[in-house]
>>> print(open('query.csv').read())   # CSV, C-alpha atoms and all ligand atoms
chain,number,residue,atom,x,y,z
A,1369,MET,CA,-66.0,-15.5,34.9
A,1370,GLN,CA,-63.5,-17.3,32.7
A,1371,SER,CA,-62.9,-15.7,29.4
A,1372,SER,CA,-61.0,-17.7,26.8
A,1373,SER,CA,-59.8,-18.0,23.3
A,1374,ALA,CA,-58.2,-21.1,21.9
A,1375,GLU,CA,-54.9,-20.3,23.7
A,1376,PHE,CA,-55.5,-17.9,26.6
A,1377,THR,CA,-57.9,-17.4,29.5
A,1378,HIS,CA,-58.4,-14.6,32.0
A,1379,GLN,CA,-60.6,-14.9,35.2
A,1380,THR,CA,-62.5,-11.7,35.7
A,1381,VAL,CA,-62.0,-10.2,39.2
A,1382,LEU,CA,-64.8,-8.9,41.4
A,1383,ARG,CA,-67.2,-9.2,38.5
A,1384,ASP,CA,-70.5,-9.3,40.4
A,1385,GLU,CA,-69.5,-6.5,42.7
A,1386,VAL,CA,-68.6,-4.3,39.7
A,1387,VAL,CA,-71.9,-5.0,38.0
A,1388,GLU,CA,-73.9,-4.1,41.1
A,1389,PHE,CA,-72.2,-0.7,41.3
A,1390,VAL,CA,-72.5,-0.1,37.5
A,1391,ARG,CA,-76.3,-0.7,37.7
A,1392,LYS,CA,-76.6,2.4,39.9
A,1393,GLY,CA,-75.4,4.7,37.1
A,1394,SER,CA,-77.9,6.6,34.9
A,1395,GLY,CA,-77.4,6.9,31.1
A,1396,ALA,CA,-77.1,4.7,28.1
A,1397,VAL,CA,-73.5,3.8,27.9
A,1398,VAL,CA,-70.8,2.2,30.1
A,1399,ILE,CA,-67.1,2.6,29.3
A,1400,ASP,CA,-65.0,-0.5,30.1
A,1401,ALA,CA,-61.6,1.3,30.1
A,1402,THR,CA,-59.6,-1.9,30.4
A,1403,LEU,CA,-61.4,-4.3,28.1
A,1404,GLY,CA,-58.9,-7.2,28.2
A,1405,LEU,CA,-60.7,-10.3,27.2
A,1406,GLY,CA,-64.0,-8.7,27.8
A,1407,GLY,CA,-65.0,-10.3,31.1
A,1408,HIS,CA,-66.5,-7.2,32.8
A,1409,SER,CA,-68.0,-6.0,29.5
A,1410,GLU,CA,-69.8,-9.3,29.0
A,1411,ALA,CA,-71.2,-9.3,32.5
A,1412,ILE,CA,-72.5,-5.8,32.0
A,1413,LEU,CA,-74.0,-6.5,28.6
A,1414,ARG,CA,-75.7,-9.7,29.9
A,1415,SER,CA,-77.1,-8.3,33.1
A,1416,THR,CA,-77.9,-4.7,32.4
A,1417,GLU,CA,-79.5,-2.6,29.6
A,1418,PHE,CA,-76.4,-0.5,29.0
A,1419,ASP,CA,-74.4,-0.5,25.8
A,1420,VAL,CA,-70.7,-0.9,26.3
A,1421,ILE,CA,-67.6,0.8,24.8
A,1422,GLY,CA,-64.5,-1.1,25.5
A,1423,LEU,CA,-61.0,0.4,25.4
A,1424,ASP,CA,-57.7,-1.4,25.4
A,1425,GLN,CA,-54.3,-0.3,24.3
A,1426,ASP,CA,-53.4,-3.9,23.3
A,1427,ALA,CA,-54.6,-4.6,19.8
A,1428,LYS,CA,-54.7,-8.3,20.4
A,1429,ALA,CA,-56.9,-8.0,23.4
A,1430,VAL,CA,-59.3,-5.8,21.4
A,1431,GLU,CA,-59.5,-8.4,18.6
A,1432,MET,CA,-60.1,-11.3,21.1
A,1433,ALA,CA,-62.8,-9.3,23.0
A,1434,LYS,CA,-64.6,-8.3,19.8
A,1435,ALA,CA,-64.8,-12.0,18.8
A,1436,ARG,CA,-66.1,-12.9,22.2
A,1437,LEU,CA,-68.7,-10.1,22.3
A,1438,ALA,CA,-69.9,-10.3,18.7
A,1439,GLU,CA,-73.3,-11.7,19.8
A,1440,PHE,CA,-74.2,-8.4,21.4
A,1441,GLY,CA,-74.1,-6.7,17.9
A,1442,GLY,CA,-74.5,-2.9,18.1
A,1443,ARG,CA,-74.6,-2.8,21.9
A,1444,PHE,CA,-70.8,-3.3,22.0
A,1445,ARG,CA,-68.0,-1.3,20.4
A,1446,ALA,CA,-64.2,-1.6,20.9
A,1447,VAL,CA,-61.6,1.1,20.6
A,1448,ASN,CA,-57.9,0.3,20.5
A,1449,THR,CA,-56.5,3.2,22.6
A,1450,ASN,CA,-54.9,4.1,25.9
A,1451,PHE,CA,-57.5,5.1,28.5
A,1452,GLU,CA,-55.5,8.3,29.1
A,1453,ALA,CA,-57.5,9.5,26.0
A,1454,ILE,CA,-60.9,8.9,27.6
A,1455,ALA,CA,-61.9,12.5,27.2
A,1456,ASP,CA,-61.8,12.0,23.4
A,1457,ILE,CA,-64.1,8.9,23.3
A,1458,ASP,CA,-67.4,9.6,21.6
A,1459,ALA,CA,-69.9,8.3,24.0
A,1460,GLY,CA,-73.1,10.0,22.7
A,1461,ASP,CA,-75.5,11.2,25.3
A,1462,GLY,CA,-73.3,10.7,28.4
A,1463,VAL,CA,-71.8,7.9,30.4
A,1464,ALA,CA,-73.5,6.0,33.2
A,1465,ALA,CA,-70.4,4.3,34.5
A,1466,ILE,CA,-66.7,3.7,33.8
A,1467,VAL,CA,-64.9,0.6,34.9
A,1468,ALA,CA,-61.1,0.1,35.1
A,1469,ASP,CA,-59.5,-3.2,36.0
A,1470,LEU,CA,-55.9,-2.2,36.1
A,1471,GLY,CA,-52.7,-3.8,35.0
A,1472,VAL,CA,-52.0,-6.7,32.7
A,1473,SER,CA,-54.3,-9.7,31.9
A,1474,SER,CA,-53.5,-13.3,32.3
A,1475,MET,CA,-53.5,-13.5,28.6
A,1476,GLN,CA,-50.6,-11.0,28.4
A,1477,LEU,CA,-48.7,-12.7,31.2
A,1478,ASP,CA,-49.2,-16.2,29.8
A,1479,ASP,CA,-48.2,-15.2,26.3
A,1480,ALA,CA,-44.4,-15.8,26.6
A,1481,ALA,CA,-43.7,-13.8,23.5
A,1482,ARG,CA,-44.9,-10.6,25.2
A,1483,GLY,CA,-41.9,-10.7,27.6
A,1484,PHE,CA,-43.9,-9.9,30.8
A,1485,SER,CA,-43.0,-13.1,32.7
A,1486,PHE,CA,-39.7,-14.4,34.2
A,1487,ASN,CA,-41.2,-17.9,34.0
A,1488,ALA,CA,-40.6,-18.2,30.2
A,1489,PRO,CA,-37.7,-17.2,28.0
A,1490,ALA,CA,-38.6,-14.4,25.6
A,1491,GLU,CA,-37.5,-11.0,24.3
A,1492,LEU,CA,-37.8,-8.5,27.1
A,1493,ASP,CA,-40.6,-6.4,25.7
A,1494,MET,CA,-43.5,-5.8,28.3
A,1495,ARG,CA,-45.3,-3.2,26.2
A,1496,MET,CA,-49.1,-3.5,26.4
A,1497,ASN,CA,-49.2,-1.5,23.2
A,1498,ARG,CA,-46.5,-3.1,21.0
A,1499,GLY,CA,-46.8,-0.3,18.5
A,1500,SER,CA,-45.6,2.5,20.8
A,1501,GLY,CA,-42.8,3.4,23.2
A,1502,GLN,CA,-39.7,1.6,24.2
A,1503,SER,CA,-39.5,-2.0,25.1
A,1504,ALA,CA,-38.2,-3.0,28.5
A,1505,ALA,CA,-34.8,-4.0,27.0
A,1506,GLU,CA,-34.6,-0.6,25.3
A,1507,LEU,CA,-35.5,1.2,28.5
A,1508,LEU,CA,-32.8,-0.6,30.5
A,1509,ALA,CA,-30.2,-0.1,27.8
A,1510,ASN,CA,-31.0,3.7,27.6
A,1511,SER,CA,-31.3,4.5,31.3
A,1512,THR,CA,-28.5,5.5,33.7
A,1513,GLU,CA,-27.7,3.5,36.8
A,1514,ALA,CA,-29.5,6.1,39.0
A,1515,GLU,CA,-32.6,6.0,36.8
A,1516,ILE,CA,-32.8,2.2,36.9
A,1517,ALA,CA,-32.3,2.3,40.7
A,1518,ASP,CA,-35.2,4.8,41.0
A,1519,ILE,CA,-37.5,2.7,38.8
A,1520,LEU,CA,-36.9,-0.4,40.9
A,1521,TYR,CA,-37.2,1.4,44.2
A,1522,TYR,CA,-40.3,3.6,43.5
A,1523,TYR,CA,-42.2,1.2,41.2
A,1524,GLY,CA,-41.2,-2.1,42.7
A,1525,GLU,CA,-40.5,-1.1,46.3
A,1526,GLU,CA,-37.3,-3.2,45.8
A,1527,ARG,CA,-35.0,-2.7,48.7
A,1528,LYS,CA,-31.9,-3.9,46.8
A,1529,SER,CA,-32.6,-1.5,43.9
A,1530,ARG,CA,-29.1,0.0,43.8
A,1531,ARG,CA,-27.4,-3.4,43.7
A,1532,ILE,CA,-29.6,-4.6,40.9
A,1533,ALA,CA,-29.1,-1.3,39.0
A,1534,ARG,CA,-25.4,-1.7,39.3
A,1535,TRP,CA,-25.4,-5.2,37.8
A,1536,ILE,CA,-27.6,-4.1,34.9
A,1537,THR,CA,-25.4,-1.1,34.2
A,1538,GLU,CA,-22.3,-3.2,34.2
A,1539,ARG,CA,-23.8,-5.2,31.4
A,1540,ASN,CA,-24.6,-2.0,29.5
A,1541,GLU,CA,-21.1,-0.7,30.0
A,1542,ALA,CA,-19.7,-4.1,28.8
A,1543,GLY,CA,-21.7,-3.6,25.5
A,1544,ASP,CA,-23.8,-6.6,26.4
A,1545,PRO,CA,-27.2,-5.2,27.4
A,1546,ILE,CA,-29.9,-7.5,28.7
A,1547,LYS,CA,-32.3,-8.6,25.9
A,1548,THR,CA,-34.3,-11.4,27.4
A,1549,THR,CA,-36.6,-12.2,30.3
A,1550,ASP,CA,-34.5,-15.2,31.5
A,1551,ASP,CA,-31.3,-13.2,31.3
A,1552,LEU,CA,-32.8,-10.5,33.5
A,1553,ALA,CA,-34.4,-13.0,36.0
A,1554,SER,CA,-31.1,-14.8,36.4
A,1555,LEU,CA,-29.1,-11.6,36.8
A,1556,VAL,CA,-31.4,-10.4,39.6
A,1557,GLU,CA,-31.2,-13.8,41.3
A,1558,ARG,CA,-27.4,-13.7,41.2
A,1559,ALA,CA,-27.3,-10.0,42.3
A,1560,VAL,CA,-29.6,-10.4,45.4
A,1561,GLY,CA,-29.6,-14.1,46.0
A,1562,ARG,CA,-32.7,-16.2,46.9
A,1563,ARG,CA,-33.8,-16.4,50.5
A,1564,PRO,CA,-34.3,-20.1,51.6
A,1565,GLY,CA,-38.0,-20.8,51.7
A,1566,ALA,CA,-39.0,-17.5,49.9
A,1567,LYS,CA,-42.3,-17.9,48.2
A,1568,ILE,CA,-41.8,-15.4,45.4
A,1569,HIS,CA,-39.0,-15.3,42.8
A,1570,PRO,CA,-36.4,-12.6,43.7
A,1571,ALA,CA,-37.0,-10.9,40.3
A,1572,THR,CA,-40.8,-10.4,41.0
A,1573,ARG,CA,-40.4,-6.8,42.1
A,1574,THR,CA,-38.0,-5.9,39.4
A,1575,PHE,CA,-40.3,-7.2,36.7
A,1576,GLN,CA,-43.3,-5.3,38.2
A,1577,ALA,CA,-41.2,-2.1,38.4
A,1578,ILE,CA,-40.0,-2.3,34.8
A,1579,ARG,CA,-43.5,-3.1,33.5
A,1580,ILE,CA,-44.9,-0.1,35.3
A,1581,ALA,CA,-42.2,2.2,33.8
A,1582,VAL,CA,-42.4,0.8,30.3
A,1583,ASN,CA,-46.2,1.4,30.2
A,1584,ARG,CA,-46.1,4.7,32.3
A,1585,GLU,CA,-48.8,3.0,34.4
A,1586,LEU,CA,-48.9,5.4,37.3
A,1587,ASP,CA,-48.7,8.6,35.4
A,1588,VAL,CA,-51.5,7.4,33.1
A,1589,LEU,CA,-53.6,6.4,36.1
A,1590,LYS,CA,-53.1,9.9,37.8
A,1591,ALA,CA,-54.4,11.6,34.6
A,1592,PHE,CA,-57.2,9.1,34.1
A,1593,VAL,CA,-59.1,9.4,37.4
A,1594,PRO,CA,-60.1,13.1,37.1
A,1595,ALA,CA,-60.7,12.8,33.3
A,1596,ALA,CA,-63.0,9.8,33.9
A,1597,ILE,CA,-65.0,11.8,36.5
A,1598,GLU,CA,-65.5,14.6,33.9
A,1599,LYS,CA,-66.7,12.1,31.4
A,1600,LEU,CA,-69.5,10.8,33.6
A,1601,ASN,CA,-73.1,11.9,33.8
A,1602,GLU,CA,-74.3,13.4,37.0
A,1603,GLY,CA,-74.8,10.3,39.2
A,1604,GLY,CA,-72.4,8.3,37.1
A,1605,ILE,CA,-70.2,5.6,38.7
A,1606,LEU,CA,-66.4,5.2,38.5
A,1607,ALA,CA,-65.2,1.7,39.6
A,1608,ILE,CA,-61.5,1.0,39.7
A,1609,ILE,CA,-59.8,-2.3,40.6
A,1610,SER,CA,-56.1,-2.0,41.6
A,1611,PHE,CA,-53.6,-4.8,42.2
A,1612,HIS,CA,-50.9,-3.2,44.2
A,1613,SER,CA,-50.4,-0.4,46.8
A,1614,LEU,CA,-48.9,2.1,44.4
A,1615,GLU,CA,-52.0,2.0,42.2
A,1616,ASP,CA,-54.4,1.9,45.1
A,1617,ARG,CA,-52.8,4.9,46.8
A,1618,ILE,CA,-53.2,7.0,43.6
A,1619,VAL,CA,-56.9,6.1,43.3
A,1620,LYS,CA,-57.6,6.7,47.1
A,1621,GLN,CA,-55.8,10.1,47.0
A,1622,ALA,CA,-57.5,11.2,43.8
A,1623,PHE,CA,-60.9,10.2,45.2
A,1624,GLN,CA,-60.2,12.2,48.4
A,1625,ARG,CA,-59.2,15.3,46.4
A,1626,LEU,CA,-62.2,15.0,44.1
A,1627,SER,CA,-64.5,14.6,47.1
A,1628,GLY,CA,-63.3,18.0,48.3
A,1629,LYS,CA,-60.9,16.8,51.1
A,1630,CYS,CA,-58.0,19.4,51.1
A,1631,SER,CA,-54.6,17.9,51.7
A,1632,CYS,CA,-52.8,21.3,52.0
A,1633,PRO,CA,-50.8,21.9,55.2
A,1634,PRO,CA,-53.0,23.7,57.8
A,1635,ARG,CA,-51.1,27.1,57.6
A,1636,ILE,CA,-51.6,27.6,53.9
A,1637,PRO,CA,-54.4,30.3,53.6
A,1638,LYS,CA,-55.8,29.1,50.3
A,1639,CYS,CA,-56.1,25.5,49.0
A,1640,ILE,CA,-53.5,24.7,46.3
A,1641,CYS,CA,-53.9,20.9,46.1
A,1642,GLY,CA,-56.9,21.2,43.7
A,1643,ALA,CA,-59.5,19.7,46.1
A,1644,GLU,CA,-63.0,20.3,44.7
A,1645,LYS,CA,-66.2,18.4,45.6
A,1646,LYS,CA,-67.1,16.5,42.4
A,1647,ILE,CA,-67.8,13.0,43.8
A,1648,GLU,CA,-69.2,11.1,46.6
A,1649,ILE,CA,-67.0,8.1,47.7
A,1650,LEU,CA,-69.2,4.9,47.8
A,1651,THR,CA,-66.6,2.6,49.3
A,1652,LYS,CA,-65.3,4.0,52.6
A,1653,LYS,CA,-63.0,1.0,52.6
A,1654,PRO,CA,-62.0,-0.8,49.4
A,1655,ILE,CA,-63.9,-3.9,48.5
A,1656,VAL,CA,-61.8,-7.1,48.3
A,1657,PRO,CA,-62.8,-10.5,46.8
A,1658,SER,CA,-64.6,-13.1,48.9
A,1659,ASP,CA,-62.7,-16.0,50.4
A,1660,ASP,CA,-64.2,-18.2,47.7
A,1661,GLU,CA,-63.0,-16.0,44.9
A,1662,GLN,CA,-59.6,-15.7,46.4
A,1663,LYS,CA,-59.4,-19.5,46.6
A,1664,LYS,CA,-60.5,-20.0,43.0
A,1665,ASN,CA,-58.4,-17.2,41.5
A,1666,LYS,CA,-55.0,-16.6,43.1
A,1667,ARG,CA,-54.5,-13.4,41.1
A,1668,SER,CA,-57.6,-11.8,42.7
A,1669,ARG,CA,-56.0,-11.9,46.2
A,1670,SER,CA,-54.3,-8.5,45.9
A,1671,SER,CA,-57.2,-6.7,44.2
A,1672,LYS,CA,-59.1,-3.8,45.7
A,1673,LEU,CA,-62.2,-2.1,44.3
A,1674,ARG,CA,-62.8,1.6,45.0
A,1675,VAL,CA,-66.0,3.3,43.7
A,1676,ALA,CA,-67.2,6.9,43.5
A,1677,ARG,CA,-70.3,8.6,42.2
A,1678,ARG,CA,-70.2,11.9,40.3
A,1679,ILE,CA,-72.3,14.6,41.9
A,1680,GLY,CA,-73.8,17.7,40.4
A,1681,SER,CA,-71.4,20.5,39.7
B,1,LIG,C1,-56.7,-7.0,34.0
B,1,LIG,S1,-57.0,-6.8,32.3
B,1,LIG,C2,-58.7,-6.5,32.1
B,1,LIG,C3,-59.5,-7.8,32.1
B,1,LIG,C4,-60.9,-7.7,31.9
B,1,LIG,N1,-61.6,-6.9,32.9
B,1,LIG,C5,-61.6,-9.0,31.8
B,1,LIG,O1,-62.3,-9.4,32.8
B,1,LIG,O2,-61.4,-9.8,30.8
B,1,LIG,C6,-56.3,-5.2,31.9
B,1,LIG,C7,-56.4,-4.8,30.5
B,1,LIG,O3,-56.3,-3.4,30.5
B,1,LIG,C8,-55.4,-3.0,29.5
B,1,LIG,N2,-54.8,-1.8,29.9
B,1,LIG,C9,-54.0,-1.6,31.0
B,1,LIG,N3,-53.7,-0.3,31.0
B,1,LIG,C10,-54.3,0.4,30.0
B,1,LIG,C11,-54.4,1.7,29.6
B,1,LIG,N4,-53.7,2.7,30.2
B,1,LIG,N5,-55.1,2.0,28.5
B,1,LIG,C12,-55.8,1.0,27.9
B,1,LIG,N6,-55.8,-0.3,28.2
B,1,LIG,C13,-55.0,-0.6,29.3
B,1,LIG,C14,-54.4,-4.2,29.3
B,1,LIG,O4,-53.8,-4.2,28.0
B,1,LIG,C15,-55.3,-5.4,29.6
B,1,LIG,O5,-55.8,-6.0,28.5
>>> encode(input="query.csv", output="structure tokens")
Amino acid sequence: MQSSSAEFTHQTVLRDEVVEFVRKGSGAVVIDATLGLGGHSEAILRSTEFDVIGLDQDAKAVEMAKARLAEFGGRFRAVNTNFEAIADIDAGDGVAAIVADLGVSSMQLDDAARGFSFNAPAELDMRMNRGSGQSAAELLANSTEAEIADILYYYGEERKSRRIARWITERNEAGDPIKTTDDLASLVERAVGRRPGAKIHPATRTFQAIRIAVNRELDVLKAFVPAAIEKLNEGGILAIISFHSLEDRIVKQAFQRLSGKCSCPPRIPKCICGAEKKIEILTKKPIVPSDDEQKKNKRSRSSKLRVARRIGS
């Protein structure tokens, strides 16, 4: 599904697969924890009886989705918040399903002024919520060389993290910190070089890592999964689409723990990892988009859908 405003579009990933799982939930309300331009919300409103509450930390996404979904009247409500606050959402008589389609939308990537992309010169911002936290430029200016190297290594799996961190720190030490996307992209390219024939820009991993750090994406996701399960009715569905291995690993491990699988070393007499049987995992292997979807939407290629059902406590 292509959602659009005058300027921006976003193709909804794994839309029909998500709706089929959402249908299995029982209750009156579905929470779309990553509303974006409202693609999943619209599909749920059109093809099920559920009401939808959409959450997004990006105020612009909320405004655009509200305009798009106005035709559904009282069946749709939007809240401008981070999904880490899901426990506080007033969802009335219980939640049938929760959907999260992680990361940034094409709207955010394509809006040069947001500073997410190395393809367009802009201030280096990268905050999904522009009203809170430090921008990417501030994060780099305020971090030590070791902290920058860790961010690039752990969040970008960037093998040349130390070298890039050194170059960034030299700029900080010279009193000329990086302020723009094009400055950062060209610094990384000069620091690590560009392999002949390489398909991706050498700054791709650096940009991903800094975006994850600026938005605390992995910490927020770790807190979200158990909180979302608590929010669901018995039999309720949690469907999460991730776009890289760091996110997918968090979802997979959280699902295993919540399905009662203990990951403590065998010699520990009593479980300390917090495993407790609260869910049944419905996707033994993650669902990936069809060949057709992958052809039509390049961004869908790395996506993985994992789904769990809350069981009685
Ligand atoms: C991939 S887009 C969702 C697209 C949407 N499913 C659609 O089809 O139009 C992800 C959206 O989630 C939002 N988002 C990401 N992390 C969030 C968080 N922790 N809390 C709230 N919103 C978040 C982003 O601002 C973005 O608008």
>>> atom_distance(input="query.csv", atom1="CA of Asp1426 (chain A)", atom2="CA of Leu1492 (chain A)")
16.7 Å
>>> closest_atom_pairs(input="query.csv", of="chain A", to="ligand LIG 1 (chain B)", cutoff="7 Å", atoms="only C-alpha atoms and all ligand atoms", output="tab-separated table")
residue	atom	partner	partner_atom	distance
A:Ser1371	CA	B:LIG1	O2	6.2
A:His1378	CA	B:LIG1	O2	5.8
A:Gln1379	CA	B:LIG1	O1	6.2
A:Thr1380	CA	B:LIG1	O1	3.7
A:Val1381	CA	B:LIG1	O1	6.5
A:Ala1401	CA	B:LIG1	C12	6.2
A:Thr1402	CA	B:LIG1	O3	3.6
A:Leu1403	CA	B:LIG1	C4	5.1
A:Gly1404	CA	B:LIG1	O5	3.3
A:Leu1405	CA	B:LIG1	O2	3.7
A:Gly1406	CA	B:LIG1	O2	4.1
A:Gly1407	CA	B:LIG1	O1	3.3
A:His1408	CA	B:LIG1	O1	4.7
A:Leu1423	CA	B:LIG1	C12	5.8
A:Asp1424	CA	B:LIG1	N6	3.6
A:Gln1425	CA	B:LIG1	C12	4.1
A:Asp1426	CA	B:LIG1	O4	4.7
A:Ala1429	CA	B:LIG1	O5	5.6
A:Thr1449	CA	B:LIG1	C12	5.8
A:Asn1450	CA	B:LIG1	N5	3.3
A:Phe1451	CA	B:LIG1	N5	3.9
A:Glu1452	CA	B:LIG1	N4	6.0
A:Asp1469	CA	B:LIG1	C1	5.1
A:Leu1470	CA	B:LIG1	C6	5.2
A:Gly1471	CA	B:LIG1	C9	4.7
A:Val1472	CA	B:LIG1	C6	4.6
A:Ser1473	CA	B:LIG1	S1	4.0
A:Met1496	CA	B:LIG1	O4	5.0
A:Glu1585	CA	B:LIG1	N4	6.5
A:Val1588	CA	B:LIG1	N4	5.9
A:Leu1589	CA	B:LIG1	N4	7.0
>>> atom_distance(input="query.csv", atom1="CA of Gly1422 (chain A)", atom2="CA of Val1447 (chain A)")
6.1 Å
>>> residues_near_point(input="query.csv", point="(-34.4, 1.3, 43.1)", cutoff="12 Å", atoms="only C-alpha atoms", output="JSON, numbers by chain")
{"A": [1512, 1513, 1514, 1515, 1516, 1517, 1518, 1519, 1520, 1521, 1522, 1523, 1524, 1525, 1526, 1527, 1528, 1529, 1530, 1531, 1532, 1533, 1534, 1536, 1573, 1574, 1577, 1578]}
>>> closest_residue(input="query.csv", among="A:Cys1630, A:Ile1546, A:Ile1609, A:Cys1639", to="Pro1657 (chain A)", atoms="all atoms listed in the file")
A:Ile1609
>>> decode(input="query.csv", residues="region 1606-1671 of chain A", atoms="C-alpha atoms", output="mmCIF file, in the first residue's frame")
data_model
loop_
_atom_site.group_PDB
_atom_site.id
_atom_site.type_symbol
_atom_site.label_atom_id
_atom_site.label_comp_id
_atom_site.auth_asym_id
_atom_site.auth_seq_id
_atom_site.Cartn_x
_atom_site.Cartn_y
_atom_site.Cartn_z
ATOM 1 C CA LEU A 1606 1.833 -8.845 19.035
ATOM 2 C CA ALA A 1607 3.262 -8.428 15.501
ATOM 3 C CA ILE A 1608 6.668 -6.798 15.073
ATOM 4 C CA ILE A 1609 8.450 -6.016 11.800
ATOM 5 C CA SER A 1610 12.192 -5.396 12.108
ATOM 6 C CA PHE A 1611 14.640 -4.198 9.473
ATOM 7 C CA HIS A 1612 18.061 -5.269 10.711
ATOM 8 C CA SER A 1613 19.619 -8.068 12.698
ATOM 9 C CA LEU A 1614 20.086 -6.023 15.895
ATOM 10 C CA GLU A 1615 16.348 -5.370 16.147
ATOM 11 C CA ASP A 1616 15.375 -8.872 15.058
ATOM 12 C CA ARG A 1617 17.652 -10.433 17.686
ATOM 13 C CA ILE A 1618 16.011 -8.386 20.451
ATOM 14 C CA VAL A 1619 12.519 -9.429 19.341
ATOM 15 C CA LYS A 1620 13.497 -13.085 18.934
ATOM 16 C CA GLN A 1621 15.179 -13.284 22.354
ATOM 17 C CA ALA A 1622 12.351 -11.416 24.107
ATOM 18 C CA PHE A 1623 9.794 -13.791 22.541
ATOM 19 C CA GLN A 1624 11.831 -16.803 23.683
ATOM 20 C CA ARG A 1625 12.038 -15.481 27.259
ATOM 21 C CA LEU A 1626 8.323 -14.643 27.312
ATOM 22 C CA SER A 1627 7.489 -18.112 25.998
ATOM 23 C CA GLY A 1628 9.221 -19.573 29.063
ATOM 24 C CA LYS A 1629 12.495 -20.642 27.441
ATOM 25 C CA CYS A 1630 15.194 -20.169 30.087
ATOM 26 C CA SER A 1631 18.556 -18.973 28.791
ATOM 27 C CA CYS A 1632 20.450 -19.370 32.081
ATOM 28 C CA PRO A 1633 23.617 -21.518 32.063
ATOM 29 C CA PRO A 1634 22.740 -25.139 32.977
ATOM 30 C CA ARG A 1635 24.507 -25.092 36.378
ATOM 31 C CA ILE A 1636 22.484 -22.187 37.784
ATOM 32 C CA PRO A 1637 19.996 -23.794 40.231
ATOM 33 C CA LYS A 1638 17.241 -21.205 39.822
ATOM 34 C CA CYS A 1639 16.316 -19.209 36.699
ATOM 35 C CA ILE A 1640 17.541 -15.606 36.815
ATOM 36 C CA CYS A 1641 16.939 -14.600 33.177
ATOM 37 C CA GLY A 1642 13.284 -13.754 33.811
ATOM 38 C CA ALA A 1643 11.847 -16.485 31.573
ATOM 39 C CA GLU A 1644 8.124 -16.871 32.211
ATOM 40 C CA LYS A 1645 5.482 -18.441 29.974
ATOM 41 C CA LYS A 1646 3.229 -15.589 28.872
ATOM 42 C CA ILE A 1647 3.086 -16.068 25.113
ATOM 43 C CA GLU A 1648 2.918 -18.625 22.368
ATOM 44 C CA ILE A 1649 5.180 -17.861 19.399
ATOM 45 C CA LEU A 1650 3.149 -18.033 16.152
ATOM 46 C CA THR A 1651 6.078 -17.630 13.737
ATOM 47 C CA LYS A 1652 8.652 -20.379 14.292
ATOM 48 C CA LYS A 1653 10.679 -18.651 11.585
ATOM 49 C CA PRO A 1654 10.173 -14.965 10.780
ATOM 50 C CA ILE A 1655 7.908 -14.152 7.839
ATOM 51 C CA VAL A 1656 9.615 -12.280 4.997
ATOM 52 C CA PRO A 1657 8.012 -10.427 2.070
ATOM 53 C CA SER A 1658 7.088 -12.317 -1.103
ATOM 54 C CA ASP A 1659 9.394 -12.050 -4.130
ATOM 55 C CA ASP A 1660 6.793 -9.804 -5.681
ATOM 56 C CA GLU A 1661 6.766 -7.394 -2.725
ATOM 57 C CA GLN A 1662 10.566 -7.369 -2.609
ATOM 58 C CA LYS A 1663 10.673 -6.499 -6.307
ATOM 59 C CA LYS A 1664 8.153 -3.693 -5.935
ATOM 60 C CA ASN A 1665 9.565 -2.270 -2.694
ATOM 61 C CA LYS A 1666 13.323 -2.455 -2.243
ATOM 62 C CA ARG A 1667 13.043 -1.288 1.369
ATOM 63 C CA SER A 1668 10.995 -4.393 2.236
ATOM 64 C CA ARG A 1669 13.897 -6.732 1.415
ATOM 65 C CA SER A 1670 15.451 -6.723 4.866
ATOM 66 C CA SER A 1671 12.154 -6.914 6.771
#
